[in-house]
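Undergrad: Structure incoming, see below.
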Amino acid sequence: RFVFNRFLGQWNETYKETGKGLTYNSCSAELTQLKKELVWLKEVDSIALQSSLKNLSDSYTRFFKKQNKAPRFKSKKNPVQSYTTKHTNGNIEVIDNKIKLPKLGLVRLAKSREFHGRILNSTVRKNPSGKYFVSILVETEVQPLRKTNSSIGIDLGIADFAILSDGRKMDNNKFTSKMEKKLNREQRKLSRRALNAKNKGINLLDAKNYQKQKRKVARLHEKVMNQRDDFLNKLSTEIIKNHDIICIEDLNTKGMLRNRKLAKSISDVSWSAFVTKLEYKAKWYGKTIVKISRWFPSSQICSNCGHQDGKKSLEIRDWTCPVCQEYHDRDINASKNILTEGLKILASA
């Protein structure tokens, strides 16, 4: 953080004076001299300091390409603290239930999974809950899954998370709603402790009771996030394993979040995260994702005869086709239409 902030300040000043910024190479050369002046910098993994400079350089590159906003100074109050180090000469290695890291040596860890492949880098992260995690990036061969000659249409919803064209409905677990009462109670405690610290003239960073409660609230949020992530990973993997073609609506989630009545429910179900997981897993395992236009009237068409029966309000959950008299569950019918439309798009591509 210190290295990033120092060179960000210099970069901004140079840009104001000359109209040109610094470069990664010039900063890297200056960092070598800085380490002689500030001896405590040598206590830190040198590659992590270089990674910090690389992140700064990349941020400016993306900024000038108008891909993101200008880089900002990093704060020690930021809820997530992390650094990245590269693998060189066996400086990162997992040995039984320990991980070897530069400058830290062997550190005990709880492995979430085994991995195979060449280690490229690792990122050490401290979460708001006070827990430390290390993410290891490895280069490995991902083998395509066997073909199942099966295709599926998915209609995403709120009452049910996903409705599949084979008639199955995946329950919306409402992880945030289930934890809401407890979260509200603990957040009220946090607010009271912040007020007490303020009345006593204590800085929140030094207020032990406030910091203790802050970690407790963060652990609850982390639990909700982990539950949701676990559910999305298991469901997306199951769908990818059992189907070669997955047809899904291209939802405008950002637009839908503007609806104040549904925003909370939409955020809780995490449609975007689910679609992202489906996409990268399909790419890994040689499966196909077909996205249907968000304007496609999947709920208005009879999946049996193709008759379009017009727009229906959300209260109508089932209906009978006036032409072929087929009875439809609204969501299952929509998922069947999504599948049919997806296969048409794929055939004409």
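Labels for the structure tokens follow display order: chains A, B, ..., residues from 1 in each chain, ligands from 1.
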Could you give me, as a PDB file with all heavy atoms, in the first residue's frame, the residues within 9 Å of region 93-107 of chain A, counting only C-alpha atoms and dropping anything in the same chain fewer than 5 positions from it?
TA:
ATOM      1  N   GLU A  43      11.833  -5.866   4.608  1.00  0.00           N
ATOM      2  CA  GLU A  43      11.154  -6.906   5.385  1.00  0.00           C
ATOM      3  C   GLU A  43      10.015  -7.542   4.586  1.00  0.00           C
ATOM      4  O   GLU A  43       9.521  -8.611   4.910  1.00  0.00           O
ATOM      5  CB  GLU A  43      10.581  -6.310   6.674  1.00  0.00           C
ATOM      6  CG  GLU A  43      11.639  -5.792   7.633  1.00  0.00           C
ATOM      7  CD  GLU A  43      11.026  -5.020   8.793  1.00  0.00           C
ATOM      8  OE1 GLU A  43       9.795  -5.144   8.984  1.00  0.00           O
ATOM      9  OE2 GLU A  43      11.765  -4.308   9.490  1.00  0.00           O
ATOM     10  N   VAL A  44       9.596  -6.830   3.527  1.00  0.00           N
ATOM     11  CA  VAL A  44       8.465  -7.282   2.715  1.00  0.00           C
ATOM     12  C   VAL A  44       8.985  -8.040   1.492  1.00  0.00           C
ATOM     13  O   VAL A  44      10.069  -7.737   0.988  1.00  0.00           O
ATOM     14  CB  VAL A  44       7.614  -6.065   2.267  1.00  0.00           C
ATOM     15  CG1 VAL A  44       6.381  -6.503   1.491  1.00  0.00           C
ATOM     16  CG2 VAL A  44       7.224  -5.228   3.464  1.00  0.00           C
ATOM     17  N   ASP A  45       8.222  -9.008   1.031  1.00  0.00           N
ATOM     18  CA  ASP A  45       8.547  -9.755  -0.189  1.00  0.00           C
ATOM     19  C   ASP A  45       8.760  -8.782  -1.355  1.00  0.00           C
ATOM     20  O   ASP A  45       7.870  -8.013  -1.702  1.00  0.00           O
ATOM     21  CB  ASP A  45       7.394 -10.731  -0.469  1.00  0.00           C
ATOM     22  CG  ASP A  45       7.515 -11.406  -1.824  1.00  0.00           C
ATOM     23  OD1 ASP A  45       8.642 -11.509  -2.331  1.00  0.00           O
ATOM     24  OD2 ASP A  45       6.480 -11.821  -2.351  1.00  0.00           O
ATOM     25  N   SER A  46       9.941  -8.808  -1.963  1.00  0.00           N
ATOM     26  CA  SER A  46      10.293  -7.843  -3.020  1.00  0.00           C
ATOM     27  C   SER A  46       9.385  -7.974  -4.247  1.00  0.00           C
ATOM     28  O   SER A  46       9.049  -6.975  -4.899  1.00  0.00           O
ATOM     29  CB  SER A  46      11.751  -8.028  -3.441  1.00  0.00           C
ATOM     30  OG  SER A  46      11.953  -9.340  -3.934  1.00  0.00           O
ATOM     31  N   ILE A  47       8.953  -9.200  -4.558  1.00  0.00           N
ATOM     32  CA  ILE A  47       8.088  -9.399  -5.735  1.00  0.00           C
ATOM     33  C   ILE A  47       6.712  -8.786  -5.492  1.00  0.00           C
ATOM     34  O   ILE A  47       6.084  -8.272  -6.407  1.00  0.00           O
ATOM     35  CB  ILE A  47       7.958 -10.906  -6.072  1.00  0.00           C
ATOM     36  CG1 ILE A  47       9.327 -11.503  -6.365  1.00  0.00           C
ATOM     37  CG2 ILE A  47       7.043 -11.120  -7.276  1.00  0.00           C
ATOM     38  CD1 ILE A  47       9.358 -13.006  -6.506  1.00  0.00           C
ATOM     39  N   THR A  85       2.156 -12.195  -5.042  1.00  0.00           N
ATOM     40  CA  THR A  85       3.564 -12.515  -5.271  1.00  0.00           C
ATOM     41  C   THR A  85       3.674 -13.608  -6.328  1.00  0.00           C
ATOM     42  O   THR A  85       2.794 -14.468  -6.438  1.00  0.00           O
ATOM     43  CB  THR A  85       4.250 -12.946  -3.963  1.00  0.00           C
ATOM     44  OG1 THR A  85       5.639 -13.143  -4.203  1.00  0.00           O
ATOM     45  CG2 THR A  85       3.639 -14.219  -3.391  1.00  0.00           C
ATOM     46  N   HIS A  87       5.565 -16.804  -8.496  1.00  0.00           N
ATOM     47  CA  HIS A  87       6.313 -18.025  -8.212  1.00  0.00           C
ATOM     48  C   HIS A  87       7.649 -17.984  -8.940  1.00  0.00           C
ATOM     49  O   HIS A  87       7.701 -17.880 -10.162  1.00  0.00           O
ATOM     50  CB  HIS A  87       5.497 -19.240  -8.678  1.00  0.00           C
ATOM     51  CG  HIS A  87       6.229 -20.540  -8.492  1.00  0.00           C
ATOM     52  ND1 HIS A  87       6.900 -21.170  -9.517  1.00  0.00           N
ATOM     53  CD2 HIS A  87       6.406 -21.322  -7.387  1.00  0.00           C
ATOM     54  CE1 HIS A  87       7.451 -22.285  -9.060  1.00  0.00           C
ATOM     55  NE2 HIS A  87       7.153 -22.392  -7.773  1.00  0.00           N
ATOM     56  N   ILE A 119       2.433 -23.656 -10.664  1.00  0.00           N
ATOM     57  CA  ILE A 119       2.044 -22.457  -9.906  1.00  0.00           C
ATOM     58  C   ILE A 119       2.583 -21.212 -10.605  1.00  0.00           C
ATOM     59  O   ILE A 119       3.770 -21.142 -10.950  1.00  0.00           O
ATOM     60  CB  ILE A 119       2.565 -22.527  -8.459  1.00  0.00           C
ATOM     61  CG1 ILE A 119       1.946 -23.714  -7.713  1.00  0.00           C
ATOM     62  CG2 ILE A 119       2.272 -21.234  -7.711  1.00  0.00           C
ATOM     63  CD1 ILE A 119       2.532 -23.963  -6.331  1.00  0.00           C
ATOM     64  N   SER A 122       0.498 -16.269  -6.286  1.00  0.00           N
ATOM     65  CA  SER A 122      -0.447 -16.439  -5.179  1.00  0.00           C
ATOM     66  C   SER A 122      -0.813 -15.067  -4.636  1.00  0.00           C
ATOM     67  O   SER A 122      -0.004 -14.135  -4.649  1.00  0.00           O
ATOM     68  CB  SER A 122       0.146 -17.313  -4.079  1.00  0.00           C
ATOM     69  OG  SER A 122       1.204 -16.633  -3.434  1.00  0.00           O
TER      70      SER A 122
END
Undergrad: Please return, as number ranges by chain, all residues of region 4-253 of chain A that DSSP assigns to strand (DSSP E) on the basis of the backbone.
TA: A: 81-86, 93-95, 98-101, 105-108, 118-126, 132-139, 151-156, 160-164, 169-171, 245-249
Undergrad: With only C-alpha atoms counted and 12 Å as the cut-off, give the residues of region 59-157 of chain A in contact with region 342-346 of chain A, each with its shortest interatomic distance in Å and the pair that gives it, as a Markdown table.
TA:
| residue | atom | partner | partner_atom | distance |
| --- | --- | --- | --- | --- |
| A:Ser150 | CA | A:Leu343 | CA | 11.5 |
| A:Ser151 | CA | A:Leu343 | CA | 8.6 |
| A:Ile152 | CA | A:Gly342 | CA | 9.3 |
| A:Gly153 | CA | A:Gly342 | CA | 7.8 |
| A:Ile154 | CA | A:Gly342 | CA | 10.4 |
Undergrad: Generate the output file for the selected residues, N, CA and C atoms, as an mmCIF file, in the first residue's frame.
TA:
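result_3.cif, written as the output of this step:
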data_model
loop_
_atom_site.group_PDB
_atom_site.id
_atom_site.type_symbol
_atom_site.label_atom_id
_atom_site.label_comp_id
_atom_site.auth_asym_id
_atom_site.auth_seq_id
_atom_site.Cartn_x
_atom_site.Cartn_y
_atom_site.Cartn_z
ATOM 1 N N SER A 150 -27.466 -33.755 -24.924
ATOM 2 C CA SER A 150 -28.631 -33.201 -24.232
ATOM 3 C C SER A 150 -28.565 -31.681 -24.263
ATOM 4 N N SER A 151 -29.725 -31.052 -24.343
ATOM 5 C CA SER A 151 -29.789 -29.578 -24.303
ATOM 6 C C SER A 151 -30.864 -29.174 -23.299
ATOM 7 N N ILE A 152 -30.704 -27.978 -22.734
ATOM 8 C CA ILE A 152 -31.625 -27.514 -21.689
ATOM 9 C C ILE A 152 -31.883 -26.015 -21.830
ATOM 10 N N GLY A 153 -33.111 -25.595 -21.506
ATOM 11 C CA GLY A 153 -33.450 -24.178 -21.457
ATOM 12 C C GLY A 153 -33.627 -23.780 -20.006
ATOM 13 N N ILE A 154 -33.142 -22.586 -19.645
ATOM 14 C CA ILE A 154 -33.219 -22.132 -18.249
ATOM 15 C C ILE A 154 -33.916 -20.776 -18.189
#
Undergrad: To one decimal place in Å, what is the distance between CA of Lys216 (chain A) and CA of Ser129 (chain A)?
TA: 6.9 Å
Undergrad: For Asn304 (chain A), work out the shell of residues within 9 Å, counting only C-alpha atoms and skipping chain neighbours fewer than 3 positions away, then give it as a VMD selection string.
TA: chain A and resid 301 307 321 324 326 333
Undergrad: Given only C-alpha atoms as the basis, pick out the residue of A:Val323, A:Ala218, A:Ile202, A:Leu314 nearest to Lys131 (chain A).
TA: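 So, comparing all the options, the nearest one is A:Ala218.
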Undergrad: List every residue of region 227-348 of chain A that DSSP, applied to the backbone of this structure, places in helix (DSSP H, G or I), and write the result as a PyMOL selection string.
TA: chain A and resi 227-242+253-256+263-269+271-285+330-348
Undergrad: Near Arg228 (chain A), within 9 Å and counting only C-alpha atoms, which residues show up once chain neighbours fewer than 3 positions away are dropped, as a PyMOL selection string?
TA: chain A and resi 173-176+223-225+231-233+268-270
Undergrad: Using N, CA, C and O atoms, can you write the selected residues to a file as a compact mmCIF listing (two decimals), in the first residue's frame?
TA:
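Generated output (result-v9.txt):
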# COMPACT_ATOMS: atom_id res chain seq x y z
N ASN A 173 -32.92 -20.15 -2.36
CA ASN A 173 -32.66 -20.37 -0.93
C ASN A 173 -32.81 -19.12 -0.06
O ASN A 173 -32.84 -19.21 1.15
N LYS A 174 -32.86 -17.94 -0.71
CA LYS A 174 -33.02 -16.66 0.02
C LYS A 174 -32.05 -16.56 1.20
O LYS A 174 -32.45 -16.38 2.34
N PHE A 175 -30.76 -16.69 0.88
CA PHE A 175 -29.74 -16.70 1.93
C PHE A 175 -29.74 -15.42 2.75
O PHE A 175 -29.65 -15.45 3.97
N THR A 176 -29.85 -14.26 2.06
CA THR A 176 -29.82 -12.97 2.78
C THR A 176 -31.06 -12.81 3.65
O THR A 176 -30.97 -12.38 4.81
N LYS A 223 -20.63 -15.40 5.63
CA LYS A 223 -21.36 -16.68 5.64
C LYS A 223 -22.43 -16.71 4.55
O LYS A 223 -22.56 -17.70 3.83
N VAL A 224 -23.17 -15.61 4.42
CA VAL A 224 -24.20 -15.51 3.36
C VAL A 224 -23.55 -15.64 1.99
O VAL A 224 -24.05 -16.37 1.12
N MET A 225 -22.45 -14.93 1.80
CA MET A 225 -21.74 -14.96 0.51
C MET A 225 -21.24 -16.37 0.19
O MET A 225 -21.38 -16.85 -0.94
N PHE A 231 -23.89 -22.71 -3.50
CA PHE A 231 -25.10 -23.10 -4.23
C PHE A 231 -24.93 -22.88 -5.74
O PHE A 231 -25.23 -23.75 -6.55
N LEU A 232 -24.43 -21.70 -6.12
CA LEU A 232 -24.26 -21.36 -7.54
C LEU A 232 -23.24 -22.27 -8.22
O LEU A 232 -23.43 -22.69 -9.36
N ASN A 233 -22.16 -22.57 -7.50
CA ASN A 233 -21.12 -23.45 -8.07
C ASN A 233 -21.65 -24.87 -8.30
O ASN A 233 -21.42 -25.46 -9.36
N ASP A 268 -30.20 -10.76 -4.14
CA ASP A 268 -30.02 -11.97 -3.34
C ASP A 268 -29.83 -13.21 -4.21
O ASP A 268 -29.06 -14.11 -3.87
N VAL A 269 -30.53 -13.27 -5.37
CA VAL A 269 -30.44 -14.48 -6.20
C VAL A 269 -29.18 -14.53 -7.06
O VAL A 269 -28.77 -15.59 -7.50
N SER A 270 -28.54 -13.38 -7.31
CA SER A 270 -27.26 -13.34 -8.04
C SER A 270 -27.30 -14.02 -9.40
O SER A 270 -26.53 -14.93 -9.68
Undergrad: What does the distance from CA of Arg185 (chain A) to CA of Ile158 (chain A) come to in Å, to one decimal?
TA: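 According to the coordinates, CA of Arg185 (chain A) and CA of Ile158 (chain A) are separated by 25.7 Å.
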